[in-house]
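Chemist: Take a look at the following structure, please.
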Amino acid sequence: MSWQYILTIFIGAILGGAIGLEREYRSKEAGFRTHFLVGLGSALFMVLSMHGFDGFQGQPGVIIQRDPARMAAQVVSGIGFIGAGTIIFQKNVVKGLTTAAGLWVTSAIGMTAGVGMYDVAVAATLMVLVCLEGMNFLHHHVFKSRQRQYDADENPQE
């Protein structure tokens with residue numbers, strides 16, 4: 001039974017790491033290690049909340065109710081705190097929002113893997129990577145070429 005749990009947290013870590021590799025490749029603040037750890041930790045918290053207290057016995061006559069959603073809610077709050085730390089406001093420019101959102105969705109992917117919904121976790125990871133890479137492509141090939149055209153029209157002397 002514990003091999004299933006190990007596989008579960010491994011999948012959460014690998015999927016988080018895949019997002020981290022893309023961030024690392026783009027030289028962003030939070031890279032492979034950060035995303036790997038967020039995916040791993042989120043999956044581990046979900047495994048713990050769902051199965052970690054199976055043998056727990058309370059006092060005689062006391063009914064013990066488990067609610068895995070409680071720990072999930074705390075993971076979301078904790079990741080929100082970490083994400084807030086990545087957002088910087090400098091010279092009227094906000095930076096780090098994509099990093100914060102990436103950590104947030106990586107945590108959700110880890111939690112999804114942690115409850116055994118591997119297909120959903122893989123699909124979400126692929127969607128994140130398509131979004132990040134797709135927007136990078138658009139910014140560098142479509143929007144930039146339009147910007148150059150606009151700049152050339154604006155400054156005909158160049």
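Going by the structure tokens order, chains are called A, B, ..., each with residues numbered from 1, while ligands are numbered from 1 in the order shown.
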Produce a table with one row for each residue of segment 61-137 of chain A that has an atom at most 9 Å from any atom of segment 25-47 of chain A, each row naming the nearest atom pair and its distance in Å at one decimal; use only C-alpha atoms; arrange rows by chain and rising residue number; format as CSV.
Modeler:
residue,atom,partner,partner_atom,distance
A:Pro68,CA,A:Met46,CA,7.2
A:Ala69,CA,A:Met46,CA,8.7
A:Met71,CA,A:Phe45,CA,7.0
A:Ala72,CA,A:Met46,CA,6.6
A:Val75,CA,A:Ser42,CA,6.8
A:Val76,CA,A:Ser42,CA,9.0
A:Ile79,CA,A:Val38,CA,8.2
A:Thr86,CA,A:Glu29,CA,7.9
A:Gly96,CA,A:Glu29,CA,7.9
A:Thr99,CA,A:Ala30,CA,6.6
A:Ala100,CA,A:Ala30,CA,8.8
A:Gly102,CA,A:His35,CA,8.2
A:Leu103,CA,A:His35,CA,6.5
A:Trp104,CA,A:Val38,CA,8.8
A:Thr106,CA,A:Gly39,CA,5.7
A:Ser107,CA,A:Gly39,CA,5.4
A:Ala108,CA,A:Ser42,CA,7.4
A:Ile109,CA,A:Gly39,CA,6.8
A:Gly110,CA,A:Gly39,CA,4.3
A:Met111,CA,A:Ala43,CA,4.7
A:Thr112,CA,A:Ala43,CA,7.3
A:Ala113,CA,A:Ala43,CA,6.0
A:Gly114,CA,A:Ala43,CA,3.9
A:Val115,CA,A:Met46,CA,6.2
A:Gly116,CA,A:Val47,CA,8.9
Chemist: For Val128 of chain A, find every residue with an atom within 10 Å (counting only C-alpha atoms), except residues of its own chain fewer than 5 positions away, and show them as number ranges by chain.
Modeler: A: 18-19, 22, 102, 105-106, 122-123, 133-134
Chemist: Using only C-alpha atoms, find the one residue out of A:Gly83, A:Val142, A:Met117, A:Leu132 that sits nearest to Thr8 of chain A.
Modeler: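 Ranking A:Gly83, A:Val142, A:Met117, A:Leu132 by distance to Thr8 of chain A, first place goes to A:Met117.
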Chemist: In Å, with one decimal, what is the gap from atom CA of Gln65 of chain A to atom CA of Leu48 of chain A?
Modeler: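 Pair atom CA of Gln65 of chain A / atom CA of Leu48 of chain A returns 14.9 Å.
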Chemist: Any idea what the distance is between atom CA of Phe89 of chain A and atom CA of Ala101 of chain A?
Modeler: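 So the two atoms, atom CA of Phe89 of chain A and atom CA of Ala101 of chain A, lie 15.8 Å apart.
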Chemist: Using DSSP on the backbone coordinates, identify all residues within chain A classified as alpha helix (DSSP H); present the result as a VMD selection string.
Modeler: chain A and resid 2 to 25 32 to 51 68 to 86 97 to 114 118 to 137 144 to 154
Chemist: Quick one: pull the distance between atom CA of Ile9 of chain A and atom CA of Leu21 of chain A, Å, one decimal.
Modeler: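 Result for atom CA of Ile9 of chain A versus atom CA of Leu21 of chain A: 18.0 Å, one decimal.
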Chemist: Check the smallest atom-to-atom distance from each of A:Gly52, A:Leu97, A:Ile11, A:Tyr5 to Gly85 of chain A using only C-alpha atoms, then report the winner.
Modeler: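 Checking each of A:Gly52, A:Leu97, A:Ile11, A:Tyr5 against Gly85 of chain A, counting only C-alpha atoms, the winner is A:Leu97.
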